[in-house]
Amino acid sequence: FRYDQLRRCLKHIEEDWENVFSADARDIMLKSARTGKRLVTICGVFMYSGVITFRTILPLSQGKIVTDQNVTLRHFACPGYFFSLDVQVSPVYETVFVIQSLTGFITVSVVTGACGLTAIFVVHACGQLKILINLMRSLVQEQWREEREVDEKLAEIVEHQVRVRNFLRLVQHTLQEIYLMEILVNTIAICLLVYFMLVDWQNKNITTLCTYVVSVANIVIHIFLFCYTGEQLSSQAEKVAIASCELEWYRLPDRNMRSVVLLMIVSNAPTKISAGKFMDLSLRTFGAVMKTAGAYFNMLRSVVE
């Protein structure tokens with residue numbers, strides 16, 4: 001559904017790299033790209049380690065159960081009703097086990113891809129905002145020979161600012177549903193996994209408990225990375241607003257002073273990404289998710305008890 005928008009986002013980044021105009025701007029973009037790569041790597045390592053522990057180590061560590069009817073039962077990562085299919089006999093059990101493991105890897109690959117796109121897009125936008133700050137400062141710090149040169153520099157700043165805001169608007173439209181689903185699903189997952197940890201703690205099942213701890217840690221880190229990238233964008237946008245207000249506008253020609261006012265107004269407009277327009281991705285949202293998961297956990301525990 002978002003194929004065309006994603007391609008436009010990637011094309012936008014490609015054009016930014018093609019149109020880089022100075023060595024300093026290129027260094028900023030390279031630094032941003034390395035930051036995005038590190039975030040994607042961290043997300044991938046934690047998510048794939050989580051799916052390995054939950055889809056393979058957890059069911060295998062629980063061993064076999066022999067019922068009173070002398071029937072041996074083997075565990076699955078995702079238990080279910082398989083109708084008339086006897087999944088406990090070989091090779092049916094192994095086939096279903098492998099299918100569940102593969103679907104887990106596919107799901108995690110999609111989630112990691114969403115986190116990776118967010119990191120790449122948002123960190124790239126942060127780099128472009130840093131370049132915008134440098135353009136603003138150079139507007140008043142350098143001595144221009146003619147007023148025409150000031151007009152050209154102002155036009156370059158405005159064009160760059162509009163381009164960055166259009167890119168962020170496109171990213172928001174492309175990925176906002178994914179952000180909302182990630183926040184909702186992971187909040188419920190944390191609640192359930194913490195409840196399972198409590199049950200296994202009472203049953204003294206240390207191996208399973210450690211698996212759940214790893215899964216909870218992976219989900220928490222995954223949500224944190226989403227919120228961290230959103231927080232970095234908001235923080236960088238605030239720096240742009242401050243830089244625009246600190247411009248030494250009195251050093252410009254009289255006619256260009258009025259143009260700086262419009263530049264300040266646009267720079268002070270909020271710049272952030274949200275999850276389905278319900279909540280902004282920020283560290284405050286991360287704290288709210290943790291509190292909500294704790295509240296759901298307490299409600300679940302009260303209902304069960």
# chains A, B, ... in the order shown; residues from 1 in each chain; ligands from 1

call {"tool": "select_by_dssp", "arguments": {"residues": "range 20-254 of chain A", "states": "strand (DSSP E)", "output": "PyMOL selection string"}}
result
chain A and resi 64-66+72-74

call {"tool": "write_last_selection", "arguments": {"atoms": "all heavy atoms", "output": "mmCIF file, in the first residue's frame"}}
result
data_model
loop_
_atom_site.group_PDB
_atom_site.id
_atom_site.type_symbol
_atom_site.label_atom_id
_atom_site.label_comp_id
_atom_site.auth_asym_id
_atom_site.auth_seq_id
_atom_site.Cartn_x
_atom_site.Cartn_y
_atom_site.Cartn_z
ATOM 1 N N LYS A 64 9.738 -32.585 27.077
ATOM 2 C CA LYS A 64 8.545 -33.349 26.734
ATOM 3 C C LYS A 64 7.703 -33.582 27.986
ATOM 4 O O LYS A 64 8.208 -33.654 29.090
ATOM 5 C CB LYS A 64 8.935 -34.687 26.104
ATOM 6 C CG LYS A 64 9.762 -34.562 24.833
ATOM 7 C CD LYS A 64 10.143 -35.934 24.303
ATOM 8 C CE LYS A 64 11.000 -35.808 23.035
ATOM 9 N NZ LYS A 64 11.404 -37.142 22.507
ATOM 10 N N ILE A 65 6.394 -33.720 27.781
ATOM 11 C CA ILE A 65 5.453 -34.011 28.864
ATOM 12 C C ILE A 65 4.767 -35.341 28.558
ATOM 13 O O ILE A 65 4.251 -35.546 27.452
ATOM 14 C CB ILE A 65 4.404 -32.891 29.007
ATOM 15 C CG1 ILE A 65 5.082 -31.558 29.354
ATOM 16 C CG2 ILE A 65 3.371 -33.259 30.070
ATOM 17 C CD1 ILE A 65 4.115 -30.404 29.435
ATOM 18 N N VAL A 66 4.771 -36.231 29.545
ATOM 19 C CA VAL A 66 4.098 -37.519 29.401
ATOM 20 C C VAL A 66 2.821 -37.477 30.241
ATOM 21 O O VAL A 66 2.868 -37.285 31.461
ATOM 22 C CB VAL A 66 5.004 -38.672 29.869
ATOM 23 C CG1 VAL A 66 4.271 -40.014 29.713
ATOM 24 C CG2 VAL A 66 6.302 -38.691 29.069
ATOM 25 N N THR A 72 3.070 -38.733 24.857
ATOM 26 C CA THR A 72 4.150 -37.753 24.924
ATOM 27 C C THR A 72 3.761 -36.499 24.152
ATOM 28 O O THR A 72 3.376 -36.570 22.973
ATOM 29 C CB THR A 72 5.447 -38.337 24.342
ATOM 30 O OG1 THR A 72 5.791 -39.520 25.066
ATOM 31 C CG2 THR A 72 6.577 -37.329 24.444
ATOM 32 N N LEU A 73 3.861 -35.361 24.829
ATOM 33 C CA LEU A 73 3.535 -34.068 24.217
ATOM 34 C C LEU A 73 4.792 -33.220 24.127
ATOM 35 O O LEU A 73 5.550 -33.105 25.097
ATOM 36 C CB LEU A 73 2.468 -33.338 25.045
ATOM 37 C CG LEU A 73 1.118 -34.042 25.204
ATOM 38 C CD1 LEU A 73 0.187 -33.208 26.074
ATOM 39 C CD2 LEU A 73 0.484 -34.309 23.849
ATOM 40 N N ARG A 74 5.001 -32.640 22.948
ATOM 41 C CA ARG A 74 6.117 -31.721 22.741
ATOM 42 C C ARG A 74 5.582 -30.312 22.502
ATOM 43 O O ARG A 74 4.533 -30.140 21.893
ATOM 44 C CB ARG A 74 6.962 -32.199 21.548
ATOM 45 C CG ARG A 74 7.716 -33.480 21.827
ATOM 46 C CD ARG A 74 8.534 -33.936 20.636
ATOM 47 N NE ARG A 74 7.698 -34.489 19.577
ATOM 48 C CZ ARG A 74 8.179 -35.016 18.445
ATOM 49 N NH1 ARG A 74 9.487 -35.061 18.254
ATOM 50 N NH2 ARG A 74 7.365 -35.506 17.538
#

call {"tool": "closest_atom_pairs", "arguments": {"of": "range 55-139 of chain A", "to": "range 22-33 of chain A", "cutoff": "10 Å", "atoms": "only C-alpha atoms", "output": "JSON lines"}}
result
{"residue": "A:Ala119", "atom": "CA", "partner": "A:Ala33", "partner_atom": "CA", "distance": 9.3}
{"residue": "A:Ile120", "atom": "CA", "partner": "A:Ala33", "partner_atom": "CA", "distance": 7.0}
{"residue": "A:Phe121", "atom": "CA", "partner": "A:Ala33", "partner_atom": "CA", "distance": 9.5}
{"residue": "A:Val122", "atom": "CA", "partner": "A:Ser32", "partner_atom": "CA", "distance": 9.4}
{"residue": "A:Val123", "atom": "CA", "partner": "A:Ser32", "partner_atom": "CA", "distance": 5.7}
{"residue": "A:His124", "atom": "CA", "partner": "A:Ser32", "partner_atom": "CA", "distance": 5.9}
{"residue": "A:Ala125", "atom": "CA", "partner": "A:Ser32", "partner_atom": "CA", "distance": 8.8}
{"residue": "A:Cys126", "atom": "CA", "partner": "A:Ser32", "partner_atom": "CA", "distance": 7.5}
{"residue": "A:Gly127", "atom": "CA", "partner": "A:Met29", "partner_atom": "CA", "distance": 5.6}
{"residue": "A:Gln128", "atom": "CA", "partner": "A:Met29", "partner_atom": "CA", "distance": 7.4}
{"residue": "A:Leu129", "atom": "CA", "partner": "A:Ile28", "partner_atom": "CA", "distance": 10.0}
{"residue": "A:Lys130", "atom": "CA", "partner": "A:Ile28", "partner_atom": "CA", "distance": 7.5}
{"residue": "A:Ile131", "atom": "CA", "partner": "A:Ala25", "partner_atom": "CA", "distance": 6.0}
{"residue": "A:Leu132", "atom": "CA", "partner": "A:Ala25", "partner_atom": "CA", "distance": 9.5}
{"residue": "A:Asn134", "atom": "CA", "partner": "A:Ala25", "partner_atom": "CA", "distance": 8.7}
{"residue": "A:Leu135", "atom": "CA", "partner": "A:Ala25", "partner_atom": "CA", "distance": 9.8}

call {"tool": "write_last_selection", "arguments": {"atoms": "C-alpha atoms", "output": "mmCIF file, in the first residue's frame"}}
result
data_model
loop_
_atom_site.group_PDB
_atom_site.id
_atom_site.type_symbol
_atom_site.label_atom_id
_atom_site.label_comp_id
_atom_site.auth_asym_id
_atom_site.auth_seq_id
_atom_site.Cartn_x
_atom_site.Cartn_y
_atom_site.Cartn_z
ATOM 1 C CA ALA A 119 16.050 5.386 11.547
ATOM 2 C CA ILE A 120 17.318 6.097 8.028
ATOM 3 C CA PHE A 121 14.618 8.642 7.180
ATOM 4 C CA VAL A 122 14.526 10.513 10.479
ATOM 5 C CA VAL A 123 18.284 10.595 11.026
ATOM 6 C CA HIS A 124 18.723 11.835 7.453
ATOM 7 C CA ALA A 125 16.203 14.602 8.154
ATOM 8 C CA CYS A 126 18.134 15.518 11.312
ATOM 9 C CA GLY A 127 21.271 15.851 9.222
ATOM 10 C CA GLN A 128 19.457 18.125 6.776
ATOM 11 C CA LEU A 129 18.282 20.282 9.682
ATOM 12 C CA LYS A 130 21.892 20.616 10.861
ATOM 13 C CA ILE A 131 22.840 21.769 7.370
ATOM 14 C CA LEU A 132 19.964 24.266 7.539
ATOM 15 C CA ASN A 134 24.774 26.181 9.075
ATOM 16 C CA LEU A 135 23.108 27.924 6.128
#

call {"tool": "residues_around", "arguments": {"residues": "Val171 in chain A", "least_positions_apart": "4", "cutoff": "7 Å", "atoms": "only C-alpha atoms", "output": "compact mmCIF listing (two decimals) with C-alpha atoms, in the first residue's frame"}}
result
# COMPACT_ATOMS: atom_id res chain seq x y z
CA CYS A 9 11.30 8.81 0.28
CA PHE A 167 10.24 15.05 3.24
CA LEU A 175 4.81 5.13 8.14

call {"tool": "closest_residue", "arguments": {"among": "A:Thr211, A:Asn218, A:Gln62, A:Thr271", "to": "Cys43 in chain A", "atoms": "only C-alpha atoms"}}
result
A:Asn218

call {"tool": "closest_residue", "arguments": {"among": "A:Gln236, A:Thr187, A:Asn268, A:Gln202", "to": "Gly294 in chain A", "atoms": "only C-alpha atoms"}}
result
A:Thr187

call {"tool": "residues_around", "arguments": {"residues": "Phe286 in chain A", "least_positions_apart": "6", "cutoff": "12 Å", "atoms": "only C-alpha atoms", "output": "PyMOL selection string"}}
result
chain A and resi 182-184+186-187+219-231+275+279-280+292-293

call {"tool": "closest_residue", "arguments": {"among": "A:Val194, A:Leu39, A:Leu170, A:Met136", "to": "Glu156 in chain A", "atoms": "only C-alpha atoms"}}
result
A:Met136

call {"tool": "closest_residue", "arguments": {"among": "A:Gln161, A:Val289, A:Ala217, A:Arg137", "to": "Val185 in chain A", "atoms": "only C-alpha atoms"}}
result
A:Val289

call {"tool": "select_by_dssp", "arguments": {"residues": "range 213-289 of chain A", "states": "helix (DSSP H, G or I)", "output": "short mmCIF file (atom, residue, chain, number, x, y, z; two decimals) with N, CA, C and O atoms, in the first residue's frame"}}
result
data_model
loop_
_atom_site.label_atom_id
_atom_site.label_comp_id
_atom_site.auth_asym_id
_atom_site.auth_seq_id
_atom_site.Cartn_x
_atom_site.Cartn_y
_atom_site.Cartn_z
N VAL A 213 12.46 -12.87 29.88
CA VAL A 213 13.20 -11.64 30.20
C VAL A 213 13.88 -11.09 28.95
O VAL A 213 13.85 -9.88 28.68
N VAL A 214 14.50 -11.98 28.17
CA VAL A 214 15.15 -11.55 26.92
C VAL A 214 14.12 -10.96 25.95
O VAL A 214 14.36 -9.93 25.32
N SER A 215 12.96 -11.60 25.84
CA SER A 215 11.92 -11.11 24.93
C SER A 215 11.41 -9.74 25.35
O SER A 215 11.23 -8.85 24.51
N VAL A 216 11.18 -9.56 26.65
CA VAL A 216 10.71 -8.26 27.13
C VAL A 216 11.76 -7.18 26.88
O VAL A 216 11.44 -6.07 26.43
N ALA A 217 13.03 -7.51 27.14
CA ALA A 217 14.10 -6.53 26.91
C ALA A 217 14.17 -6.14 25.44
O ALA A 217 14.35 -4.95 25.11
N ASN A 218 14.01 -7.11 24.54
CA ASN A 218 14.06 -6.81 23.11
C ASN A 218 12.92 -5.89 22.69
O ASN A 218 13.11 -4.95 21.91
N ILE A 219 11.71 -6.16 23.19
CA ILE A 219 10.57 -5.32 22.82
C ILE A 219 10.73 -3.91 23.37
O ILE A 219 10.43 -2.92 22.69
N VAL A 220 11.20 -3.80 24.60
CA VAL A 220 11.40 -2.48 25.21
C VAL A 220 12.44 -1.68 24.42
O VAL A 220 12.24 -0.49 24.13
N ILE A 221 13.53 -2.33 24.04
CA ILE A 221 14.55 -1.64 23.25
C ILE A 221 14.00 -1.24 21.88
O ILE A 221 14.31 -0.16 21.36
N HIS A 222 13.17 -2.10 21.30
CA HIS A 222 12.57 -1.80 20.00
C HIS A 222 11.69 -0.54 20.08
O HIS A 222 11.80 0.36 19.24
N ILE A 223 10.84 -0.46 21.09
CA ILE A 223 10.00 0.73 21.26
C ILE A 223 10.87 1.95 21.54
O ILE A 223 10.62 3.05 21.04
N PHE A 224 11.91 1.76 22.35
CA PHE A 224 12.80 2.88 22.69
C PHE A 224 13.46 3.44 21.44
O PHE A 224 13.61 4.67 21.31
N LEU A 225 13.87 2.59 20.50
CA LEU A 225 14.52 3.09 19.29
C LEU A 225 13.57 3.94 18.46
O LEU A 225 13.97 4.98 17.91
N PHE A 226 12.30 3.51 18.36
CA PHE A 226 11.31 4.32 17.66
C PHE A 226 11.18 5.69 18.32
O PHE A 226 11.22 6.74 17.65
N CYS A 227 11.00 5.68 19.64
CA CYS A 227 10.79 6.94 20.36
C CYS A 227 12.06 7.79 20.38
O CYS A 227 11.98 9.02 20.34
N TYR A 228 13.22 7.14 20.41
CA TYR A 228 14.48 7.88 20.42
C TYR A 228 14.69 8.66 19.13
O TYR A 228 15.12 9.82 19.15
N THR A 229 14.39 8.03 18.00
CA THR A 229 14.54 8.73 16.72
C THR A 229 13.58 9.92 16.64
O THR A 229 13.95 10.99 16.15
N GLY A 230 12.35 9.73 17.12
CA GLY A 230 11.41 10.85 17.14
C GLY A 230 11.87 11.98 18.05
O GLY A 230 11.71 13.16 17.73
N GLU A 231 12.47 11.62 19.19
CA GLU A 231 12.98 12.63 20.13
C GLU A 231 14.15 13.40 19.51
O GLU A 231 14.26 14.62 19.69
N GLN A 232 15.02 12.70 18.78
CA GLN A 232 16.14 13.38 18.14
C GLN A 232 15.66 14.38 17.09
O GLN A 232 16.22 15.47 16.96
N LEU A 233 14.60 14.02 16.37
CA LEU A 233 14.05 14.95 15.38
C LEU A 233 13.48 16.20 16.05
O LEU A 233 13.75 17.32 15.61
N SER A 234 12.71 16.01 17.12
CA SER A 234 12.14 17.16 17.83
C SER A 234 13.23 18.04 18.41
O SER A 234 13.14 19.27 18.37
N SER A 235 14.27 17.40 18.96
CA SER A 235 15.38 18.16 19.54
C SER A 235 16.11 18.98 18.48
O SER A 235 16.44 20.15 18.70
N GLN A 236 16.35 18.37 17.32
CA GLN A 236 17.03 19.09 16.25
C GLN A 236 16.16 20.21 15.70
O GLN A 236 16.68 21.29 15.34
N ALA A 237 14.85 20.01 15.63
CA ALA A 237 13.95 21.06 15.17
C ALA A 237 13.95 22.24 16.13
O ALA A 237 13.87 23.40 15.70
N GLU A 238 14.05 21.97 17.43
CA GLU A 238 14.15 23.06 18.40
C GLU A 238 15.43 23.85 18.22
O GLU A 238 15.44 25.08 18.38
N LYS A 239 16.52 23.16 17.88
CA LYS A 239 17.78 23.86 17.63
C LYS A 239 17.66 24.77 16.41
O LYS A 239 18.24 25.87 16.39
N VAL A 240 16.93 24.31 15.39
CA VAL A 240 16.70 25.16 14.21
C VAL A 240 15.91 26.40 14.60
O VAL A 240 16.22 27.52 14.16
N ALA A 241 14.87 26.23 15.43
CA ALA A 241 14.06 27.37 15.87
C ALA A 241 14.91 28.36 16.67
O ALA A 241 14.80 29.58 16.47
N ILE A 242 15.76 27.85 17.55
CA ILE A 242 16.62 28.73 18.35
C ILE A 242 17.62 29.45 17.46
O ILE A 242 17.87 30.66 17.62
N ALA A 243 18.20 28.72 16.50
CA ALA A 243 19.17 29.35 15.59
C ALA A 243 18.53 30.46 14.76
O ALA A 243 19.15 31.51 14.52
N SER A 244 17.28 30.26 14.34
CA SER A 244 16.60 31.29 13.56
C SER A 244 16.33 32.55 14.39
O SER A 244 16.39 33.66 13.87
N CYS A 245 16.03 32.35 15.67
CA CYS A 245 15.76 33.50 16.55
C CYS A 245 17.04 34.23 16.96
O CYS A 245 16.99 35.39 17.37
N TRP A 249 20.08 39.61 12.48
CA TRP A 249 19.38 40.14 11.32
C TRP A 249 19.76 41.58 11.00
O TRP A 249 19.64 42.04 9.87
N TYR A 250 20.25 42.31 12.01
CA TYR A 250 20.60 43.72 11.80
C TYR A 250 21.83 43.89 10.91
O TYR A 250 22.13 45.01 10.47
N ARG A 251 22.52 42.83 10.62
CA ARG A 251 23.68 42.89 9.74
C ARG A 251 23.30 42.75 8.28
O ARG A 251 24.14 42.88 7.40
N ASP A 254 18.45 46.35 4.62
CA ASP A 254 17.12 46.66 5.15
C ASP A 254 16.02 45.82 4.51
O ASP A 254 15.09 45.36 5.18
N ARG A 255 16.07 45.63 3.21
CA ARG A 255 15.00 44.91 2.52
C ARG A 255 14.97 43.44 2.91
O ARG A 255 13.91 42.81 2.89
N ASN A 256 16.13 42.89 3.28
CA ASN A 256 16.19 41.46 3.61
C ASN A 256 15.83 41.17 5.06
O ASN A 256 15.60 40.02 5.42
N MET A 257 15.79 42.21 5.89
CA MET A 257 15.47 41.98 7.30
C MET A 257 14.07 41.41 7.45
O MET A 257 13.82 40.54 8.29
N ARG A 258 13.12 41.92 6.63
CA ARG A 258 11.74 41.44 6.75
C ARG A 258 11.60 39.98 6.34
O ARG A 258 10.72 39.27 6.83
N SER A 259 12.48 39.52 5.47
CA SER A 259 12.41 38.11 5.04
C SER A 259 12.80 37.16 6.17
O SER A 259 12.33 36.01 6.22
N VAL A 260 13.64 37.63 7.08
CA VAL A 260 14.07 36.78 8.20
C VAL A 260 12.90 36.48 9.12
O VAL A 260 12.84 35.42 9.75
N VAL A 261 11.92 37.40 9.20
CA VAL A 261 10.76 37.17 10.06
C VAL A 261 9.99 35.93 9.61
O VAL A 261 9.61 35.07 10.42
N LEU A 262 9.76 35.81 8.31
CA LEU A 262 9.06 34.63 7.79
C LEU A 262 9.89 33.36 8.03
O LEU A 262 9.34 32.30 8.32
N LEU A 263 11.20 33.50 7.92
CA LEU A 263 12.08 32.35 8.18
C LEU A 263 11.95 31.89 9.63
O LEU A 263 11.91 30.69 9.92
N MET A 264 11.85 32.83 10.55
CA MET A 264 11.68 32.49 11.97
C MET A 264 10.33 31.81 12.22
O MET A 264 10.24 30.84 12.98
N ILE A 265 9.28 32.31 11.57
CA ILE A 265 7.94 31.75 11.78
C ILE A 265 7.90 30.29 11.33
O ILE A 265 7.38 29.41 12.05
N VAL A 266 8.46 30.00 10.17
CA VAL A 266 8.45 28.62 9.67
C VAL A 266 9.34 27.73 10.54
O VAL A 266 9.00 26.57 10.82
N SER A 267 10.46 28.27 11.00
CA SER A 267 11.38 27.46 11.81
C SER A 267 10.78 27.10 13.16
O SER A 267 11.12 26.07 13.74
N LEU A 283 10.55 10.48 23.94
CA LEU A 283 10.85 9.77 25.17
C LEU A 283 9.69 9.84 26.15
O LEU A 283 9.50 8.93 26.96
N ARG A 284 8.91 10.89 26.09
CA ARG A 284 7.72 10.97 26.94
C ARG A 284 6.71 9.88 26.55
O ARG A 284 6.07 9.26 27.42
N THR A 285 6.56 9.64 25.25
CA THR A 285 5.69 8.56 24.80
C THR A 285 6.22 7.21 25.26
O THR A 285 5.44 6.32 25.63
N PHE A 286 7.54 7.04 25.24
CA PHE A 286 8.13 5.78 25.73
C PHE A 286 7.77 5.55 27.19
O PHE A 286 7.40 4.43 27.58
N GLY A 287 7.87 6.59 28.00
CA GLY A 287 7.47 6.46 29.40
C GLY A 287 5.99 6.15 29.55
O GLY A 287 5.60 5.34 30.40
N ALA A 288 5.17 6.75 28.70
CA ALA A 288 3.72 6.47 28.75
C ALA A 288 3.43 5.02 28.37
O ALA A 288 2.54 4.39 28.95
N VAL A 289 4.17 4.49 27.40
CA VAL A 289 3.97 3.09 27.00
C VAL A 289 4.31 2.16 28.15
O VAL A 289 3.59 1.19 28.44
#

call {"tool": "closest_residue", "arguments": {"among": "A:Lys153, A:His173, A:Arg55, A:Lys277", "to": "Leu6 in chain A", "atoms": "only C-alpha atoms"}}
result
A:His173

call {"tool": "closest_residue", "arguments": {"among": "A:Val140, A:Cys115, A:Ile52, A:Val303", "to": "Val98 in chain A", "atoms": "only C-alpha atoms"}}
result
A:Ile52

call {"tool": "atom_distance", "arguments": {"atom1": "CA of Pro59 in chain A", "atom2": "CA of Val111 in chain A"}}
result
22.5 Å

call {"tool": "decode", "arguments": {"residues": "range 91-108 of chain A", "atoms": "N, CA and C atoms", "output": "mmCIF file, in the first residue's frame"}}
result
data_model
loop_
_atom_site.group_PDB
_atom_site.id
_atom_site.type_symbol
_atom_site.label_atom_id
_atom_site.label_comp_id
_atom_site.auth_asym_id
_atom_site.auth_seq_id
_atom_site.Cartn_x
_atom_site.Cartn_y
_atom_site.Cartn_z
ATOM 1 N N PRO A 91 7.130 -36.851 10.879
ATOM 2 C CA PRO A 91 7.816 -35.550 10.851
ATOM 3 C C PRO A 91 6.862 -34.344 10.921
ATOM 4 N N VAL A 92 5.615 -34.555 11.309
ATOM 5 C CA VAL A 92 4.657 -33.451 11.347
ATOM 6 C C VAL A 92 5.086 -32.413 12.379
ATOM 7 N N TYR A 93 5.527 -32.876 13.541
ATOM 8 C CA TYR A 93 5.948 -31.937 14.586
ATOM 9 C C TYR A 93 7.103 -31.069 14.102
ATOM 10 N N GLU A 94 8.098 -31.705 13.515
ATOM 11 C CA GLU A 94 9.263 -30.944 13.049
ATOM 12 C C GLU A 94 8.872 -29.945 11.957
ATOM 13 N N THR A 95 7.951 -30.353 11.074
ATOM 14 C CA THR A 95 7.514 -29.453 9.995
ATOM 15 C C THR A 95 6.808 -28.227 10.558
ATOM 16 N N VAL A 96 5.868 -28.445 11.485
ATOM 17 C CA VAL A 96 5.147 -27.314 12.092
ATOM 18 C C VAL A 96 6.099 -26.444 12.891
ATOM 19 N N PHE A 97 7.042 -27.062 13.584
ATOM 20 C CA PHE A 97 8.017 -26.304 14.372
ATOM 21 C C PHE A 97 8.856 -25.382 13.479
ATOM 22 N N VAL A 98 9.317 -25.921 12.354
ATOM 23 C CA VAL A 98 10.125 -25.122 11.420
ATOM 24 C C VAL A 98 9.289 -24.004 10.810
ATOM 25 N N ILE A 99 8.023 -24.281 10.469
ATOM 26 C CA ILE A 99 7.155 -23.258 9.883
ATOM 27 C C ILE A 99 6.941 -22.117 10.876
ATOM 28 N N GLN A 100 6.696 -22.450 12.145
ATOM 29 C CA GLN A 100 6.509 -21.408 13.151
ATOM 30 C C GLN A 100 7.784 -20.593 13.346
ATOM 31 N N SER A 101 8.930 -21.253 13.299
ATOM 32 C CA SER A 101 10.190 -20.530 13.436
ATOM 33 C C SER A 101 10.408 -19.577 12.263
ATOM 34 N N LEU A 102 10.123 -20.048 11.038
ATOM 35 C CA LEU A 102 10.309 -19.211 9.850
ATOM 36 C C LEU A 102 9.356 -18.018 9.851
ATOM 37 N N THR A 103 8.101 -18.256 10.242
ATOM 38 C CA THR A 103 7.164 -17.129 10.302
ATOM 39 C C THR A 103 7.615 -16.096 11.335
ATOM 40 N N GLY A 104 8.219 -16.570 12.422
ATOM 41 C CA GLY A 104 8.761 -15.633 13.401
ATOM 42 C C GLY A 104 9.869 -14.781 12.819
ATOM 43 N N PHE A 105 10.753 -15.398 12.039
ATOM 44 C CA PHE A 105 11.838 -14.651 11.404
ATOM 45 C C PHE A 105 11.292 -13.665 10.371
ATOM 46 N N ILE A 106 10.259 -14.071 9.640
ATOM 47 C CA ILE A 106 9.659 -13.160 8.660
ATOM 48 C C ILE A 106 9.040 -11.954 9.357
ATOM 49 N N THR A 107 8.316 -12.211 10.441
ATOM 50 C CA THR A 107 7.696 -11.114 11.186
ATOM 51 C C THR A 107 8.741 -10.145 11.722
ATOM 52 N N VAL A 108 9.805 -10.704 12.298
ATOM 53 C CA VAL A 108 10.866 -9.853 12.847
ATOM 54 C C VAL A 108 11.572 -9.087 11.739
#
